[in-house]
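Source file: work_15.pdb. Holds: PDB, C-alpha atoms.
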```pdb
ATOM      1  CA  MET A   1      38.219 -33.353   0.533  1.00  0.00           C
ATOM      2  CA  THR A   2      36.302 -32.325   3.632  1.00  0.00           C
ATOM      3  CA  THR A   3      33.311 -34.041   5.093  1.00  0.00           C
ATOM      4  CA  PRO A   4      30.035 -32.166   5.452  1.00  0.00           C
ATOM      5  CA  THR A   5      29.587 -30.281   8.653  1.00  0.00           C
ATOM      6  CA  SER A   6      26.533 -30.664  10.796  1.00  0.00           C
ATOM      7  CA  THR A   7      24.271 -27.849  11.853  1.00  0.00           C
ATOM      8  CA  SER A   8      23.116 -27.263  15.373  1.00  0.00           C
ATOM      9  CA  THR A   9      19.615 -28.453  14.456  1.00  0.00           C
ATOM     10  CA  SER A  10      20.521 -31.768  12.890  1.00  0.00           C
ATOM     11  CA  THR A  11      23.347 -34.254  12.590  1.00  0.00           C
ATOM     12  CA  VAL A  12      23.882 -35.515   9.064  1.00  0.00           C
ATOM     13  CA  PRO A  13      25.758 -38.756   8.565  1.00  0.00           C
ATOM     14  CA  ALA A  14      28.758 -38.482   6.286  1.00  0.00           C
ATOM     15  CA  PRO A  15      28.064 -39.552   2.699  1.00  0.00           C
ATOM     16  CA  SER A  16      28.677 -43.252   2.342  1.00  0.00           C
ATOM     17  CA  THR A  17      30.853 -43.042  -0.750  1.00  0.00           C
ATOM     18  CA  ALA A  18      33.501 -40.705  -2.081  1.00  0.00           C
ATOM     19  CA  ALA A  19      31.251 -39.948  -5.059  1.00  0.00           C
ATOM     20  CA  GLN A  20      28.399 -38.876  -2.763  1.00  0.00           C
ATOM     21  CA  ALA A  21      30.777 -36.721  -0.725  1.00  0.00           C
ATOM     22  CA  SER A  22      32.036 -35.095  -3.913  1.00  0.00           C
ATOM     23  CA  LEU A  23      28.475 -34.388  -5.109  1.00  0.00           C
ATOM     24  CA  TYR A  24      27.585 -32.939  -1.717  1.00  0.00           C
ATOM     25  CA  GLN A  25      30.582 -30.588  -1.807  1.00  0.00           C
ATOM     26  CA  GLN A  26      29.767 -29.574  -5.387  1.00  0.00           C
ATOM     27  CA  LEU A  27      26.189 -28.793  -4.362  1.00  0.00           C
ATOM     28  CA  ARG A  28      27.370 -26.653  -1.450  1.00  0.00           C
ATOM     29  CA  GLY A  29      29.805 -24.941  -3.809  1.00  0.00           C
ATOM     30  CA  HIS A  30      27.036 -24.193  -6.305  1.00  0.00           C
ATOM     31  CA  LEU A  31      24.827 -22.759  -3.579  1.00  0.00           C
ATOM     32  CA  ALA A  32      27.689 -20.567  -2.352  1.00  0.00           C
ATOM     33  CA  ALA A  33      28.530 -19.420  -5.898  1.00  0.00           C
ATOM     34  CA  LEU A  34      24.899 -18.399  -6.381  1.00  0.00           C
ATOM     35  CA  LYS A  35      25.083 -16.574  -3.043  1.00  0.00           C
ATOM     36  CA  LEU A  36      22.399 -18.809  -1.566  1.00  0.00           C
ATOM     37  CA  HIS A  37      24.137 -18.826   1.792  1.00  0.00           C
ATOM     38  CA  THR A  38      21.085 -19.713   3.876  1.00  0.00           C
ATOM     39  CA  ALA A  39      20.345 -22.668   1.615  1.00  0.00           C
ATOM     40  CA  ALA A  40      23.970 -23.800   1.850  1.00  0.00           C
ATOM     41  CA  GLU A  41      23.838 -23.662   5.646  1.00  0.00           C
ATOM     42  CA  ALA A  42      20.474 -25.446   5.778  1.00  0.00           C
ATOM     43  CA  LEU A  43      21.457 -28.151   3.282  1.00  0.00           C
ATOM     44  CA  PRO A  44      22.560 -30.764   5.852  1.00  0.00           C
ATOM     45  CA  ALA A  45      19.354 -30.380   7.861  1.00  0.00           C
ATOM     46  CA  VAL A  46      17.168 -30.489   4.758  1.00  0.00           C
ATOM     47  CA  LEU A  47      18.939 -33.587   3.461  1.00  0.00           C
ATOM     48  CA  ASP A  48      18.560 -35.247   6.866  1.00  0.00           C
ATOM     49  CA  ARG A  49      14.872 -34.362   6.999  1.00  0.00           C
ATOM     50  CA  ALA A  50      14.345 -35.616   3.448  1.00  0.00           C
ATOM     51  CA  ALA A  51      15.951 -38.936   4.361  1.00  0.00           C
ATOM     52  CA  THR A  52      14.079 -39.441   7.640  1.00  0.00           C
ATOM     53  CA  GLU A  53      10.680 -38.321   6.317  1.00  0.00           C
ATOM     54  CA  LYS A  54      11.238 -39.907   2.903  1.00  0.00           C
ATOM     55  CA  LEU A  55      10.467 -36.615   1.163  1.00  0.00           C
ATOM     56  CA  SER A  56      10.514 -36.421  -2.609  1.00  0.00           C
ATOM     57  CA  LEU A  57      13.303 -34.486  -4.279  1.00  0.00           C
ATOM     58  CA  THR A  58      10.767 -31.818  -5.209  1.00  0.00           C
ATOM     59  CA  ALA A  59       9.576 -31.416  -1.611  1.00  0.00           C
ATOM     60  CA  ALA A  60      13.127 -31.251  -0.264  1.00  0.00           C
ATOM     61  CA  LEU A  61      14.163 -28.706  -2.892  1.00  0.00           C
ATOM     62  CA  GLU A  62      11.052 -26.623  -2.195  1.00  0.00           C
ATOM     63  CA  HIS A  63      11.842 -26.597   1.520  1.00  0.00           C
ATOM     64  CA  LEU A  64      15.463 -25.620   0.886  1.00  0.00           C
ATOM     65  CA  LEU A  65      14.504 -22.787  -1.452  1.00  0.00           C
ATOM     66  CA  ALA A  66      11.697 -21.618   0.849  1.00  0.00           C
ATOM     67  CA  LEU A  67      14.281 -21.130   3.585  1.00  0.00           C
ATOM     68  CA  GLU A  68      16.425 -19.070   1.206  1.00  0.00           C
ATOM     69  CA  VAL A  69      13.465 -16.961   0.036  1.00  0.00           C
ATOM     70  CA  GLU A  70      12.453 -16.270   3.640  1.00  0.00           C
ATOM     71  CA  ALA A  71      15.999 -15.213   4.541  1.00  0.00           C
ATOM     72  CA  THR A  72      16.238 -13.016   1.429  1.00  0.00           C
ATOM     73  CA  GLN A  73      12.960 -11.288   2.245  1.00  0.00           C
ATOM     74  CA  ALA A  74      14.119 -10.705   5.832  1.00  0.00           C
ATOM     75  CA  ARG A  75      17.422  -9.211   4.589  1.00  0.00           C
ATOM     76  CA  ARG A  76      15.570  -6.941   2.148  1.00  0.00           C
ATOM     77  CA  LEU A  77      13.223  -5.726   4.861  1.00  0.00           C
ATOM     78  CA  ALA A  78      16.139  -5.061   7.211  1.00  0.00           C
ATOM     79  CA  GLY A  79      17.892  -3.118   4.446  1.00  0.00           C
ATOM     80  CA  ARG A  80      14.811  -1.026   3.728  1.00  0.00           C
ATOM     81  CA  LEU A  81      14.416  -0.248   7.418  1.00  0.00           C
ATOM     82  CA  ARG A  82      18.082   0.800   7.644  1.00  0.00           C
ATOM     83  CA  PHE A  83      17.730   2.940   4.509  1.00  0.00           C
ATOM     84  CA  ALA A  84      14.593   4.596   5.877  1.00  0.00           C
ATOM     85  CA  SER A  85      16.566   5.767   8.921  1.00  0.00           C
ATOM     86  CA  LEU A  86      13.443   5.587  11.026  1.00  0.00           C
ATOM     87  CA  PRO A  87      13.711   6.586  14.651  1.00  0.00           C
ATOM     88  CA  THR A  88      13.305   4.028  17.396  1.00  0.00           C
ATOM     89  CA  PRO A  89      10.107   2.031  16.761  1.00  0.00           C
ATOM     90  CA  ALA A  90       7.110   3.251  18.735  1.00  0.00           C
ATOM     91  CA  THR A  91       3.825   1.509  19.504  1.00  0.00           C
ATOM     92  CA  LEU A  92       0.448   2.767  20.628  1.00  0.00           C
ATOM     93  CA  GLU A  93       0.937   0.889  23.893  1.00  0.00           C
ATOM     94  CA  GLU A  94       3.946   3.119  24.616  1.00  0.00           C
ATOM     95  CA  PHE A  95       2.158   6.374  23.713  1.00  0.00           C
ATOM     96  CA  ASP A  96       2.144   8.877  26.585  1.00  0.00           C
ATOM     97  CA  TYR A  97      -1.419  10.197  26.684  1.00  0.00           C
ATOM     98  CA  ASP A  98      -0.537  12.371  29.694  1.00  0.00           C
ATOM     99  CA  ALA A  99       2.003  14.309  27.630  1.00  0.00           C
ATOM    100  CA  GLN A 100      -0.668  14.936  24.959  1.00  0.00           C
ATOM    101  CA  PRO A 101      -3.950  15.464  26.820  1.00  0.00           C
ATOM    102  CA  ALA A 102      -5.768  16.505  23.629  1.00  0.00           C
ATOM    103  CA  ALA A 103      -5.338  12.989  22.233  1.00  0.00           C
ATOM    104  CA  ASP A 104      -8.574  11.020  22.580  1.00  0.00           C
ATOM    105  CA  ARG A 105      -7.510   7.583  23.836  1.00  0.00           C
ATOM    106  CA  ALA A 106     -10.781   5.907  22.817  1.00  0.00           C
ATOM    107  CA  LEU A 107     -10.599   7.346  19.298  1.00  0.00           C
ATOM    108  CA  ILE A 108      -6.989   6.260  18.855  1.00  0.00           C
ATOM    109  CA  GLN A 109      -7.815   2.731  20.042  1.00  0.00           C
ATOM    110  CA  GLU A 110     -10.776   2.637  17.628  1.00  0.00           C
ATOM    111  CA  LEU A 111      -8.542   3.713  14.732  1.00  0.00           C
ATOM    112  CA  ALA A 112      -5.927   1.132  15.782  1.00  0.00           C
ATOM    113  CA  SER A 113      -8.539  -1.624  15.364  1.00  0.00           C
ATOM    114  CA  CYS A 114      -8.702  -0.754  11.615  1.00  0.00           C
ATOM    115  CA  ARG A 115     -12.458  -1.381  11.532  1.00  0.00           C
ATOM    116  CA  TYR A 116     -12.773   1.605   9.229  1.00  0.00           C
ATOM    117  CA  LEU A 117     -11.199  -0.553   6.510  1.00  0.00           C
ATOM    118  CA  ASP A 118     -14.001  -3.118   6.700  1.00  0.00           C
ATOM    119  CA  THR A 119     -16.666  -0.433   6.391  1.00  0.00           C
ATOM    120  CA  ALA A 120     -14.718   1.564   3.765  1.00  0.00           C
ATOM    121  CA  THR A 121     -14.976   4.672   5.937  1.00  0.00           C
ATOM    122  CA  ASN A 122     -12.694   7.577   5.171  1.00  0.00           C
ATOM    123  CA  VAL A 123     -10.390   8.810   7.936  1.00  0.00           C
ATOM    124  CA  LEU A 124      -9.020  12.330   7.851  1.00  0.00           C
ATOM    125  CA  LEU A 125      -6.324  13.370  10.319  1.00  0.00           C
ATOM    126  CA  ILE A 126      -5.905  17.114  10.732  1.00  0.00           C
ATOM    127  CA  GLY A 127      -3.253  18.855  12.784  1.00  0.00           C
ATOM    128  CA  PRO A 128      -0.611  21.554  12.774  1.00  0.00           C
ATOM    129  CA  VAL A 129       2.196  21.477  10.229  1.00  0.00           C
ATOM    130  CA  GLY A 130       5.217  19.452  11.253  1.00  0.00           C
ATOM    131  CA  ARG A 131       3.417  17.033  13.556  1.00  0.00           C
ATOM    132  CA  GLY A 132       3.789  14.093  11.172  1.00  0.00           C
TER     133      GLY A 132
END
```
What would the structure in this file look like if it were written as structure tokens?
Amino acid sequence: MTTPTSTSTSTVPAPSTAAQASLYQQLRGHLAALKLHTAAEALPAVLDRAATEKLSLTAALEHLLALEVEATQARRLAGRLRFASLPTPATLEEFDYDAQPAADRALIQELASCRYLDTATNVLLIGPVGRG
């Protein structure tokens, strides 16, 4: 039987009894079997935090699962971005107005503020085919 490992964010004392160590390993095994890898990695830190802050079981479990949900959402977003095969991200701050002199800088900055959403104003962008 192995003892729980500590994460870089927290040091968890080894369970005081063999029964506690066995339960801890079973819990990590269950998390791994359910493919809750982030929760399995965060378990020592969450248990340490629960002990030091005297959190209820419900609060500790919520924190552990919130970490897993956040990691899952981040993985899904990363997968969608990979699947979209988008080119290198571009921002308005990087836009070269000199290369496109017809672009009205003030108008683009106004549209970037999204104030038209608050006033429910329609925005229609017209341009040649293939310009995106």
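CA of Ala33 (chain A) lies 28.2 Å from CA of Thr52 (chain A).
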- Task: Excluding region 106-108 of chain A and residues on its chain fewer than 3 positions from it, collect all residues at most 12 Å away from it, counting all atoms listed in the file, and give them as a ChimeraX atom specification.
- Result: /A:91-93,95,97,102-103,111-116,123,125
Quiz item: In Å, with one decimal, what is the gap from CA of Pro128 (chain A) to CA of Phe83 (chain A)?
Solution: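 Distance reported for this atom pair: 27.4 Å.
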* To do: Evaluate the PyMOL selection byres ((chain A and resi 40) around 12) and record the selected residues as a VMD selection string, following the chain and residue labels used in the document.
  => chain A and resid 4 to 7 24 to 39 41 to 47 61 64 to 65 67 to 68
Taking all atoms listed in the file into account, which of A:Ala78, A:Gln100, A:Thr119, A:Ala50 comes nearest Glu62 (chain A)?
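Smallest distance to Glu62 (chain A) is found for A:Ala50.
One finds CA of Arg49 (chain A) at 19.3 Å from CA of Ala71 (chain A).
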Where's the centre, and what are the edge lengths in Å to one decimal, of a box along x, y and z enclosing all listed atoms of region 40-53 of chain A padded 5 Å per side, as AutoDock Vina command-line options?
```
--center_x 17.3 --center_y -31.6 --center_z 4.9 --size_x 23.3 --size_y 25.8 --size_z 16.0
```
